[in-house]
$ cat entry-v3.cif   # mmCIF, C-alpha atoms and all ligand atoms
data_target
loop_
_atom_site.group_PDB
_atom_site.id
_atom_site.type_symbol
_atom_site.label_atom_id
_atom_site.label_comp_id
_atom_site.auth_asym_id
_atom_site.auth_seq_id
_atom_site.Cartn_x
_atom_site.Cartn_y
_atom_site.Cartn_z
ATOM 1 C CA MET A 26 -25.543 23.621 -41.761
ATOM 2 C CA GLY A 27 -23.848 26.883 -40.761
ATOM 3 C CA THR A 28 -20.081 27.278 -40.639
ATOM 4 C CA ILE A 29 -19.986 27.117 -36.865
ATOM 5 C CA SER A 30 -21.826 23.818 -36.593
ATOM 6 C CA LYS A 31 -19.666 22.289 -39.379
ATOM 7 C CA LYS A 32 -16.560 23.210 -37.431
ATOM 8 C CA PHE A 33 -18.171 21.762 -34.331
ATOM 9 C CA VAL A 34 -18.831 18.452 -36.107
ATOM 10 C CA VAL A 35 -15.246 18.226 -37.379
ATOM 11 C CA VAL A 36 -13.773 19.001 -33.963
ATOM 12 C CA THR A 37 -16.040 16.470 -32.267
ATOM 13 C CA VAL A 38 -15.110 13.744 -34.758
ATOM 14 C CA LEU A 39 -11.409 14.483 -34.248
ATOM 15 C CA MET A 40 -11.786 14.356 -30.483
ATOM 16 C CA ILE A 41 -13.613 11.042 -30.577
ATOM 17 C CA SER A 42 -11.016 9.441 -32.831
ATOM 18 C CA ALA A 43 -8.257 10.729 -30.546
ATOM 19 C CA ILE A 44 -9.922 8.981 -27.619
ATOM 20 C CA PHE A 45 -10.207 5.735 -29.607
ATOM 21 C CA LEU A 46 -6.570 5.946 -30.682
ATOM 22 C CA SER A 47 -5.251 6.497 -27.185
ATOM 23 C CA THR A 48 -7.364 3.754 -25.619
ATOM 24 C CA GLY A 49 -6.387 1.469 -28.509
ATOM 25 C CA LEU A 50 -2.734 1.857 -27.578
ATOM 26 C CA TYR A 51 -3.428 0.790 -24.030
ATOM 27 C CA ALA A 52 -5.757 -2.124 -24.741
ATOM 28 C CA GLY A 53 -4.937 -5.184 -22.678
ATOM 29 C CA THR A 54 -4.925 -5.723 -18.940
ATOM 30 C CA LYS A 55 -5.689 -2.513 -17.111
ATOM 31 C CA VAL A 56 -3.852 -2.074 -13.869
ATOM 32 C CA LYS A 57 -4.828 0.429 -11.213
ATOM 33 C CA ASP A 58 -2.199 2.986 -10.187
ATOM 34 C CA ILE A 59 -2.863 2.097 -6.578
ATOM 35 C CA ILE A 60 -3.934 -1.450 -5.717
ATOM 36 C CA PRO A 61 -5.635 -2.361 -2.453
ATOM 37 C CA MET A 62 -4.309 -5.890 -1.920
ATOM 38 C CA ASN A 63 -7.609 -7.438 -0.845
ATOM 39 C CA ASN A 64 -7.338 -10.215 -3.393
ATOM 40 C CA LYS A 65 -10.637 -11.906 -4.258
ATOM 41 C CA ALA A 66 -9.120 -15.342 -3.685
ATOM 42 C CA TYR A 67 -9.511 -15.000 0.085
ATOM 43 C CA LYS A 68 -11.725 -12.802 2.148
ATOM 44 C CA LYS A 69 -10.490 -12.683 5.715
ATOM 45 C CA HIS A 70 -7.563 -10.457 6.558
ATOM 46 C CA LYS A 71 -6.017 -10.460 10.011
ATOM 47 C CA LYS A 72 -4.014 -7.312 9.292
ATOM 48 C CA PRO A 73 -5.204 -4.136 7.570
ATOM 49 C CA VAL A 74 -5.088 -4.616 3.788
ATOM 50 C CA VAL A 75 -1.895 -3.275 2.219
ATOM 51 C CA ILE A 76 -2.296 -0.404 -0.231
ATOM 52 C CA PHE A 77 0.267 -1.015 -2.975
ATOM 53 C CA THR A 78 1.443 1.929 -5.087
ATOM 54 C CA HIS A 79 1.882 -0.010 -8.337
ATOM 55 C CA LYS A 80 2.495 3.009 -10.571
ATOM 56 C CA LYS A 81 4.952 4.647 -8.177
ATOM 57 C CA HIS A 82 6.939 1.411 -7.947
ATOM 58 C CA ALA A 83 7.142 1.034 -11.718
ATOM 59 C CA GLU A 84 7.674 4.701 -12.562
ATOM 60 C CA ASP A 85 9.027 6.765 -9.663
ATOM 61 C CA TYR A 86 11.112 4.028 -8.032
ATOM 62 C CA LYS A 87 12.068 2.765 -11.529
ATOM 63 C CA ILE A 88 11.634 -0.920 -10.745
ATOM 64 C CA SER A 89 11.319 -3.028 -13.865
ATOM 65 C CA CYS A 90 8.192 -5.118 -14.361
ATOM 66 C CA GLY A 91 10.264 -8.308 -14.365
ATOM 67 C CA ASP A 92 11.494 -7.695 -10.829
ATOM 68 C CA CYS A 93 7.994 -8.643 -9.714
ATOM 69 C CA HIS A 94 6.311 -10.385 -12.655
ATOM 70 C CA HIS A 95 7.703 -13.709 -13.920
ATOM 71 C CA ASP A 96 6.627 -16.742 -15.902
ATOM 72 C CA ASP A 97 5.658 -20.222 -14.701
ATOM 73 C CA LYS A 98 9.325 -21.055 -14.150
ATOM 74 C CA GLY A 99 10.028 -17.934 -12.124
ATOM 75 C CA LYS A 100 11.879 -16.278 -15.049
ATOM 76 C CA ALA A 101 11.515 -12.475 -15.211
ATOM 77 C CA LEU A 102 9.044 -11.239 -17.847
ATOM 78 C CA LYS A 103 9.792 -8.400 -20.232
ATOM 79 C CA LEU A 104 6.640 -6.282 -20.130
ATOM 80 C CA LYS A 105 5.288 -2.875 -20.938
ATOM 81 C CA MET A 106 2.189 -1.162 -19.618
ATOM 82 C CA GLY A 107 -0.891 -2.641 -21.245
ATOM 83 C CA ASP A 108 0.488 -6.173 -21.580
ATOM 84 C CA ASN A 109 -1.540 -9.003 -20.135
ATOM 85 C CA VAL A 110 -0.230 -10.313 -16.850
ATOM 86 C CA GLN A 111 -1.321 -13.168 -14.622
ATOM 87 C CA ASN A 112 -2.176 -12.224 -11.089
ATOM 88 C CA CYS A 113 0.424 -13.504 -8.612
ATOM 89 C CA ILE A 114 -2.199 -15.572 -6.835
ATOM 90 C CA GLU A 115 -2.899 -17.699 -9.889
ATOM 91 C CA CYS A 116 0.381 -19.489 -9.211
ATOM 92 C CA HIS A 117 1.111 -18.548 -5.621
ATOM 93 C CA LYS A 118 -1.832 -20.334 -4.069
ATOM 94 C CA ASN A 119 -0.293 -23.707 -4.365
ATOM 95 C CA THR A 120 3.437 -23.670 -3.668
ATOM 96 C CA GLY A 121 5.718 -23.607 -0.660
ATOM 97 C CA LYS A 122 5.578 -25.141 2.789
ATOM 98 C CA LEU A 123 2.474 -25.127 4.944
ATOM 99 C CA PRO A 124 2.677 -24.380 8.668
ATOM 100 C CA LYS A 125 1.365 -27.169 10.950
ATOM 101 C CA LYS A 126 -1.526 -24.980 12.019
ATOM 102 C CA ILE A 127 -2.888 -25.027 8.486
ATOM 103 C CA LYS A 128 -2.039 -28.665 7.737
ATOM 104 C CA LYS A 129 -4.337 -29.666 10.576
ATOM 105 C CA LEU A 130 -7.368 -27.871 9.120
ATOM 106 C CA LYS A 131 -9.875 -29.638 6.873
ATOM 107 C CA GLY A 132 -12.099 -28.957 3.845
ATOM 108 C CA LYS A 133 -12.987 -25.423 2.799
ATOM 109 C CA LYS A 134 -11.286 -23.864 5.805
ATOM 110 C CA LYS A 135 -8.015 -25.510 4.862
ATOM 111 C CA LYS A 136 -8.327 -24.441 1.233
ATOM 112 C CA ALA A 137 -8.888 -20.786 2.138
ATOM 113 C CA ALA A 138 -6.123 -20.739 4.753
ATOM 114 C CA LYS A 139 -3.718 -22.385 2.319
ATOM 115 C CA ILE A 140 -4.316 -19.855 -0.464
ATOM 116 C CA LYS A 141 -3.817 -17.000 1.968
ATOM 117 C CA GLU A 142 -0.647 -18.467 3.434
ATOM 118 C CA MET A 143 0.933 -19.146 0.032
ATOM 119 C CA HIS A 144 0.043 -15.666 -1.203
ATOM 120 C CA LYS A 145 1.375 -14.030 1.938
ATOM 121 C CA GLU A 146 4.679 -15.906 1.690
ATOM 122 C CA ALA A 147 5.207 -14.832 -1.926
ATOM 123 C CA MET A 148 4.229 -11.219 -1.215
ATOM 124 C CA HIS A 149 6.443 -10.951 1.837
ATOM 125 C CA ALA A 150 9.368 -12.513 -0.018
ATOM 126 C CA ASN A 151 8.963 -10.144 -2.964
ATOM 127 C CA CYS A 152 8.166 -6.901 -1.135
ATOM 128 C CA ILE A 153 10.236 -7.220 2.027
ATOM 129 C CA ASN A 154 13.383 -8.689 0.438
ATOM 130 C CA CYS A 155 13.634 -5.839 -2.007
ATOM 131 C CA HIS A 156 12.936 -3.237 0.669
ATOM 132 C CA LYS A 157 15.663 -4.660 2.905
ATOM 133 C CA ALA A 158 18.186 -4.727 0.066
ATOM 134 C CA PHE A 159 17.259 -1.206 -1.024
ATOM 135 C CA ASN A 160 17.608 0.271 2.460
ATOM 136 C CA LYS A 161 20.922 -1.447 2.971
ATOM 137 C CA LYS A 162 22.285 -0.235 -0.366
ATOM 138 C CA THR A 163 21.098 3.344 0.096
ATOM 139 C CA LYS A 164 21.692 3.425 3.862
ATOM 140 C CA SER A 165 18.159 4.708 4.281
ATOM 141 C CA LYS A 166 14.825 3.653 5.758
ATOM 142 C CA LYS A 167 12.659 4.769 2.866
ATOM 143 C CA ALA A 168 11.319 1.326 1.992
ATOM 144 C CA PRO A 169 9.100 -0.043 4.797
ATOM 145 C CA LYS A 170 10.068 -3.288 6.562
ATOM 146 C CA SER A 171 7.836 -3.242 9.620
ATOM 147 C CA CYS A 172 4.345 -4.727 9.695
ATOM 148 C CA LYS A 173 2.679 -1.466 10.638
ATOM 149 C CA LYS A 174 4.254 0.528 7.828
ATOM 150 C CA CYS A 175 2.810 -1.758 5.153
ATOM 151 C CA HIS A 176 -0.391 -2.892 6.841
ATOM 152 C CA LEU A 177 -1.531 0.659 7.528
ATOM 153 C CA LYS A 178 -4.519 1.145 9.790
HETATM 154 C C1 LIG B 1 7.258 -3.816 -7.282
HETATM 155 C C2 LIG B 1 6.534 -4.891 -7.928
HETATM 156 C C3 LIG B 1 5.831 -4.642 -9.237
HETATM 157 C C4 LIG B 1 6.307 -3.947 -10.334
HETATM 158 C C5 LIG B 1 7.616 -3.206 -10.506
HETATM 159 C C6 LIG B 1 5.285 -4.064 -11.332
HETATM 160 N N1 LIG B 1 4.223 -4.783 -10.852
HETATM 161 FE FE1 LIG B 1 2.500 -5.205 -11.856
HETATM 162 N N2 LIG B 1 1.718 -6.014 -10.146
HETATM 163 C C7 LIG B 1 2.417 -6.261 -8.987
HETATM 164 C C8 LIG B 1 1.556 -6.928 -8.052
HETATM 165 C C9 LIG B 1 1.942 -7.367 -6.660
HETATM 166 C C10 LIG B 1 0.308 -7.086 -8.688
HETATM 167 C C11 LIG B 1 -0.922 -7.823 -8.176
HETATM 168 C C12 LIG B 1 -1.771 -7.070 -7.247
HETATM 169 C C13 LIG B 1 -2.973 -7.894 -6.869
HETATM 170 O O1 LIG B 1 -2.849 -8.848 -6.099
HETATM 171 O O2 LIG B 1 -4.042 -7.614 -7.387
HETATM 172 C C14 LIG B 1 0.442 -6.490 -10.014
HETATM 173 C C15 LIG B 1 -0.571 -6.426 -10.958
HETATM 174 C C16 LIG B 1 -0.380 -6.080 -12.277
HETATM 175 C C17 LIG B 1 -1.393 -6.161 -13.297
HETATM 176 C C18 LIG B 1 -2.848 -6.588 -13.090
HETATM 177 C C19 LIG B 1 -2.967 -8.070 -13.080
HETATM 178 C C20 LIG B 1 -4.338 -8.508 -12.651
HETATM 179 O O3 LIG B 1 -4.506 -9.669 -12.319
HETATM 180 O O4 LIG B 1 -5.262 -7.698 -12.614
HETATM 181 C C21 LIG B 1 -0.812 -5.781 -14.472
HETATM 182 C C22 LIG B 1 -1.457 -5.715 -15.837
HETATM 183 C C23 LIG B 1 0.569 -5.428 -14.171
HETATM 184 N N3 LIG B 1 0.786 -5.608 -12.830
HETATM 185 C C24 LIG B 1 1.494 -5.011 -15.095
HETATM 186 C C25 LIG B 1 2.747 -4.484 -14.782
HETATM 187 C C26 LIG B 1 3.658 -3.874 -15.754
HETATM 188 C C27 LIG B 1 3.401 -3.784 -17.233
HETATM 189 C C28 LIG B 1 4.736 -3.430 -15.046
HETATM 190 C C29 LIG B 1 5.936 -2.658 -15.539
HETATM 191 C C30 LIG B 1 5.654 -1.440 -16.270
HETATM 192 C C31 LIG B 1 4.512 -3.787 -13.642
HETATM 193 N N4 LIG B 1 3.302 -4.425 -13.531
HETATM 194 C C32 LIG B 1 5.391 -3.529 -12.617
HETATM 195 C C33 LIG B 1 3.727 -5.926 -8.750
HETATM 196 C C34 LIG B 1 4.529 -5.165 -9.570
HETATM 197 C C1 LIG B 2 2.824 -18.126 -13.935
HETATM 198 C C2 LIG B 2 3.001 -18.454 -12.541
HETATM 199 C C3 LIG B 2 3.510 -17.368 -11.614
HETATM 200 C C4 LIG B 2 3.015 -16.092 -11.441
HETATM 201 C C5 LIG B 2 1.846 -15.443 -12.155
HETATM 202 C C6 LIG B 2 3.825 -15.475 -10.405
HETATM 203 N N1 LIG B 2 4.764 -16.356 -9.959
HETATM 204 FE FE1 LIG B 2 6.126 -16.019 -8.500
HETATM 205 N N2 LIG B 2 6.999 -17.815 -8.876
HETATM 206 C C7 LIG B 2 6.518 -18.768 -9.754
HETATM 207 C C8 LIG B 2 7.395 -19.938 -9.743
HETATM 208 C C9 LIG B 2 7.205 -21.204 -10.557
HETATM 209 C C10 LIG B 2 8.388 -19.647 -8.800
HETATM 210 C C11 LIG B 2 9.517 -20.566 -8.344
HETATM 211 C C12 LIG B 2 10.757 -20.370 -9.107
HETATM 212 C C13 LIG B 2 11.897 -21.164 -8.483
HETATM 213 O O1 LIG B 2 11.640 -22.145 -7.788
HETATM 214 O O2 LIG B 2 13.018 -20.737 -8.704
HETATM 215 C C14 LIG B 2 8.138 -18.314 -8.278
HETATM 216 C C15 LIG B 2 8.921 -17.680 -7.339
HETATM 217 C C16 LIG B 2 8.602 -16.493 -6.719
HETATM 218 C C17 LIG B 2 9.348 -15.895 -5.638
HETATM 219 C C18 LIG B 2 10.624 -16.446 -5.020
HETATM 220 C C19 LIG B 2 10.342 -17.669 -4.242
HETATM 221 C C20 LIG B 2 9.672 -17.394 -2.943
HETATM 222 O O3 LIG B 2 8.439 -17.645 -2.823
HETATM 223 O O4 LIG B 2 10.352 -16.962 -2.026
HETATM 224 C C21 LIG B 2 8.681 -14.755 -5.285
HETATM 225 C C22 LIG B 2 9.045 -13.809 -4.170
HETATM 226 C C23 LIG B 2 7.536 -14.609 -6.168
HETATM 227 N N3 LIG B 2 7.524 -15.701 -7.036
HETATM 228 C C24 LIG B 2 6.634 -13.571 -6.149
HETATM 229 C C25 LIG B 2 5.666 -13.344 -7.134
HETATM 230 C C26 LIG B 2 4.864 -12.123 -7.256
HETATM 231 C C27 LIG B 2 4.968 -10.939 -6.338
HETATM 232 C C28 LIG B 2 4.043 -12.295 -8.327
HETATM 233 C C29 LIG B 2 3.072 -11.319 -8.932
HETATM 234 C C30 LIG B 2 3.564 -9.981 -9.201
HETATM 235 C C31 LIG B 2 4.324 -13.627 -8.879
HETATM 236 N N4 LIG B 2 5.297 -14.216 -8.131
HETATM 237 C C32 LIG B 2 3.652 -14.191 -9.954
HETATM 238 C C33 LIG B 2 5.390 -18.662 -10.526
HETATM 239 C C34 LIG B 2 4.617 -17.528 -10.677
HETATM 240 C C1 LIG B 3 12.374 -4.520 -6.410
HETATM 241 C C2 LIG B 3 12.139 -3.640 -5.291
HETATM 242 C C3 LIG B 3 10.778 -3.476 -4.648
HETATM 243 C C4 LIG B 3 9.762 -4.394 -4.588
HETATM 244 C C5 LIG B 3 9.721 -5.778 -5.158
HETATM 245 C C6 LIG B 3 8.719 -3.766 -3.808
HETATM 246 N N1 LIG B 3 9.090 -2.506 -3.419
HETATM 247 FE FE1 LIG B 3 7.997 -1.235 -2.235
HETATM 248 N N2 LIG B 3 9.446 0.156 -2.371
HETATM 249 C C7 LIG B 3 10.636 0.010 -3.059
HETATM 250 C C8 LIG B 3 11.418 1.212 -2.925
HETATM 251 C C9 LIG B 3 12.786 1.453 -3.537
HETATM 252 C C10 LIG B 3 10.671 2.104 -2.100
HETATM 253 C C11 LIG B 3 11.030 3.485 -1.561
HETATM 254 C C12 LIG B 3 11.426 4.462 -2.622
HETATM 255 C C13 LIG B 3 11.661 5.857 -2.115
HETATM 256 O O1 LIG B 3 10.942 6.331 -1.217
HETATM 257 O O2 LIG B 3 12.572 6.448 -2.643
HETATM 258 C C14 LIG B 3 9.428 1.403 -1.781
HETATM 259 C C15 LIG B 3 8.415 1.957 -1.011
HETATM 260 C C16 LIG B 3 7.272 1.305 -0.623
HETATM 261 C C17 LIG B 3 6.246 1.845 0.252
HETATM 262 C C18 LIG B 3 6.215 3.247 0.883
HETATM 263 C C19 LIG B 3 5.972 4.314 -0.158
HETATM 264 C C20 LIG B 3 4.778 4.053 -1.016
HETATM 265 O O3 LIG B 3 4.926 4.150 -2.253
HETATM 266 O O4 LIG B 3 3.702 3.712 -0.506
HETATM 267 C C21 LIG B 3 5.297 0.860 0.405
HETATM 268 C C22 LIG B 3 4.038 0.921 1.262
HETATM 269 C C23 LIG B 3 5.725 -0.283 -0.379
HETATM 270 N N3 LIG B 3 6.921 0.016 -0.978
HETATM 271 C C24 LIG B 3 5.017 -1.463 -0.493
HETATM 272 C C25 LIG B 3 5.403 -2.537 -1.300
HETATM 273 C C26 LIG B 3 4.626 -3.755 -1.456
HETATM 274 C C27 LIG B 3 3.314 -4.034 -0.775
HETATM 275 C C28 LIG B 3 5.332 -4.560 -2.304
HETATM 276 C C29 LIG B 3 5.006 -5.952 -2.769
HETATM 277 C C30 LIG B 3 3.714 -6.176 -3.402
HETATM 278 C C31 LIG B 3 6.546 -3.854 -2.682
HETATM 279 N N4 LIG B 3 6.555 -2.632 -2.058
HETATM 280 C C32 LIG B 3 7.521 -4.371 -3.524
HETATM 281 C C33 LIG B 3 11.065 -1.107 -3.737
HETATM 282 C C34 LIG B 3 10.344 -2.283 -3.906
HETATM 283 C C1 LIG B 4 6.557 -4.531 2.505
HETATM 284 C C2 LIG B 4 5.208 -4.657 2.926
HETATM 285 C C3 LIG B 4 4.825 -5.662 4.001
HETATM 286 C C4 LIG B 4 5.396 -5.810 5.241
HETATM 287 C C5 LIG B 4 6.577 -5.055 5.852
HETATM 288 C C6 LIG B 4 4.612 -6.822 5.912
HETATM 289 N N1 LIG B 4 3.619 -7.286 5.088
HETATM 290 FE FE1 LIG B 4 2.183 -8.684 5.543
HETATM 291 N N2 LIG B 4 1.492 -8.629 3.654
HETATM 292 C C7 LIG B 4 1.905 -7.740 2.676
HETATM 293 C C8 LIG B 4 1.073 -7.921 1.495
HETATM 294 C C9 LIG B 4 1.208 -7.143 0.204
HETATM 295 C C10 LIG B 4 0.146 -8.943 1.783
HETATM 296 C C11 LIG B 4 -0.960 -9.496 0.866
HETATM 297 C C12 LIG B 4 -2.392 -9.264 1.227
HETATM 298 C C13 LIG B 4 -2.789 -8.229 2.223
HETATM 299 O O1 LIG B 4 -2.536 -7.022 2.003
HETATM 300 O O2 LIG B 4 -3.374 -8.565 3.242
HETATM 301 C C14 LIG B 4 0.435 -9.364 3.155
HETATM 302 C C15 LIG B 4 -0.259 -10.356 3.827
HETATM 303 C C16 LIG B 4 -0.135 -10.640 5.165
HETATM 304 C C17 LIG B 4 -0.999 -11.569 5.900
HETATM 305 C C18 LIG B 4 -2.113 -12.416 5.284
HETATM 306 C C19 LIG B 4 -3.365 -11.593 5.130
HETATM 307 C C20 LIG B 4 -4.033 -11.234 6.443
HETATM 308 O O3 LIG B 4 -4.058 -10.024 6.786
HETATM 309 O O4 LIG B 4 -4.504 -12.128 7.147
HETATM 310 C C21 LIG B 4 -0.579 -11.538 7.202
HETATM 311 C C22 LIG B 4 -1.154 -12.321 8.371
HETATM 312 C C23 LIG B 4 0.549 -10.612 7.276
HETATM 313 N N3 LIG B 4 0.790 -10.092 6.020
HETATM 314 C C24 LIG B 4 1.253 -10.310 8.423
HETATM 315 C C25 LIG B 4 2.374 -9.481 8.493
HETATM 316 C C26 LIG B 4 3.186 -9.280 9.685
HETATM 317 C C27 LIG B 4 2.897 -9.909 11.053
HETATM 318 C C28 LIG B 4 4.201 -8.434 9.336
HETATM 319 C C29 LIG B 4 5.372 -7.948 10.195
HETATM 320 C C30 LIG B 4 6.203 -8.995 10.764
HETATM 321 C C31 LIG B 4 4.022 -8.089 7.931
HETATM 322 N N4 LIG B 4 2.900 -8.750 7.463
HETATM 323 C C32 LIG B 4 4.850 -7.249 7.220
HETATM 324 C C33 LIG B 4 2.914 -6.810 2.797
HETATM 325 C C34 LIG B 4 3.712 -6.604 3.897
#
$ encode --input "entry-v3.cif" --output "structure tokens"
Amino acid sequence: MGTISKKFVVVTVLMISAIFLSTGLYAGTKVKDIIPMNNKAYKKHKKPVVIFTHKKHAEDYKISCGDCHHDDKGKALKLKMGDNVQNCIECHKNTGKLPKKIKKLKGKKKKAAKIKEMHKEAMHANCINCHKAFNKKTKSKKAPKSCKKCHLK
């Protein structure tokens, strides 16, 4: 082996181990920076699917993970990127009040409509309440409150 190819081998090995090290640090649940909220648990959406800027919320807007993620008692979780997290829908498909419209449905239709309704309620409560409070506190309109500004066409 010539000197050049030896150097090449060493550099390649170093690069590969660097990749393993950095991915090792972030093992766990991967979360997309931007999440289209078309949750697998229900298929039909009446409104355009919301595009949620997960990374911006956590980093640029400096909102702590526990403001959105909590345990099975609703208690804020202390998390860091890479930690495993349950999807909101795992719990929020089965709590809260059902509108009469949905109560009247039967079978599969009712099940799907119920999951969607419960999820929607939890999302709206989380997203919109914070946005309202933020705008009030900062006397601004930066955080969207209207349907159209979240459910973008
Ligand atoms: C402003 C609210 C908010 C903040 C802040 C936030 N998250 Fe999330 N996160 C969400 C929502 C909503 C989802 C679920 C999106 C969906 O339905 O797929 C999610 C999804 C995730 C997922 C993927 C779960 C899955 O089922 O695939 C992980 C992992 C995660 N968040 C970790 C974190 C960590 C770690 C932090 C803090 C550094 C954080 N999140 C901050 C709202 C937030
Ligand atoms: C492990 C189960 C679990 C997961 C996962 C979960 N929640 Fe909850 N959540 C709860 C429970 C239980 C309560 C009720 C606490 C109470 O009654 O005080 C709650 C309460 C709430 C509330 C306030 C009550 C309401 O509906 O108005 C909001 C908003 C909310 N969750 C949003 C979210 C969001 C957004 C996510 C995902 C980022 C999420 N939850 C993930 C279990 C969960
Ligand atoms: C705890 C507070 C908080 C929660 C919870 C929260 N947001 Fe926000 N959001 C903000 C703030 C603050 C801004 C504006 C920051 C700025 O522009 O300076 C914002 C901005 C936005 C924007 C416009 C800018 C962008 O990044 O796209 C959208 C859309 C948005 N939020 C969607 C959501 C959705 C969807 C959820 C629920 C899954 C959510 N937010 C939950 C605080 C919050
Ligand atoms: C701060 C952001 C935000 C605002 C403002 C908002 N929503 Fe949503 N909404 C969401 C998120 C996130 C979901 C979860 C799934 C999705 O994207 O469809 C949702 C879900 C829904 C759903 C169930 C899914 C579907 O499309 O059938 C309906 C219906 C809905 N919203 C209607 C409305 C209406 C009507 C308004 C205005 C009065 C509104 N939303 C305002 C964030 C928002």
$ resolve_selection --input "entry-v3.cif" --expression "the PyMOL selection byres (((chain A and resi 93) around 10) and not hetatm)" --output "ChimeraX atom specification"
/A:83,88-92,94-95,99,101-102,113,148,151-152,155
$ residues_near_ligand --input "entry-v3.cif" --ligand "ligand LIG 1 (chain B)" --cutoff "9 Å" --atoms "all atoms listed in the file" --output "NGL selection string"
:A and (53-57 or 60-65 or 77-84 or 86-94 or 103-115 or 144 or 148 or 151-152 or 155)
$ resolve_selection --input "entry-v3.cif" --expression "the PyMOL selection byres (((chain A and resi 169-176) around 8) and not hetatm)" --output "VMD selection string"
chain A and resid 72 to 76 153 156 to 157 166 to 168 177 to 178
$ atom_distance --input "entry-v3.cif" --atom1 "atom CA of Ile127 of chain A" --atom2 "atom C31 of ligand LIG 4 (chain B)"
18.3 Å
$ axis_aligned_box --input "entry-v3.cif" --around "ligand LIG 2 (chain B)" --padding-each-side "3 Å" --output "JSON"
{"center_x": 7.4, "center_y": -16.1, "center_z": -8.0, "size_x": 17.2, "size_y": 18.2, "size_z": 17.9}
$ atom_distance --input "entry-v3.cif" --atom1 "atom C34 of ligand LIG 2 (chain B)" --atom2 "atom CA of Glu146 of chain A"
12.5 Å
$ closest_residue --input "entry-v3.cif" --among "A:Ala150, A:Cys116, A:Gly121, A:Lys131" --to "ligand LIG 4 (chain B)" --atoms "only C-alpha atoms and all ligand atoms"
A:Ala150
$ closest_residue --input "entry-v3.cif" --among "A:Lys162, A:Lys139, A:Lys122, A:Lys71" --to "ligand LIG 4 (chain B)" --atoms "all atoms listed in the file"
A:Lys71
$ atom_distance --input "entry-v3.cif" --atom1 "atom C22 of ligand LIG 2 (chain B)" --atom2 "atom CA of Lys134 of chain A"
24.8 Å
$ residues_around --input "entry-v3.cif" --residues "Lys118 of chain A" --least-positions-apart "6" --cutoff "9 Å" --atoms "all atoms listed in the file" --output "number ranges by chain"
A: 66, 139-144
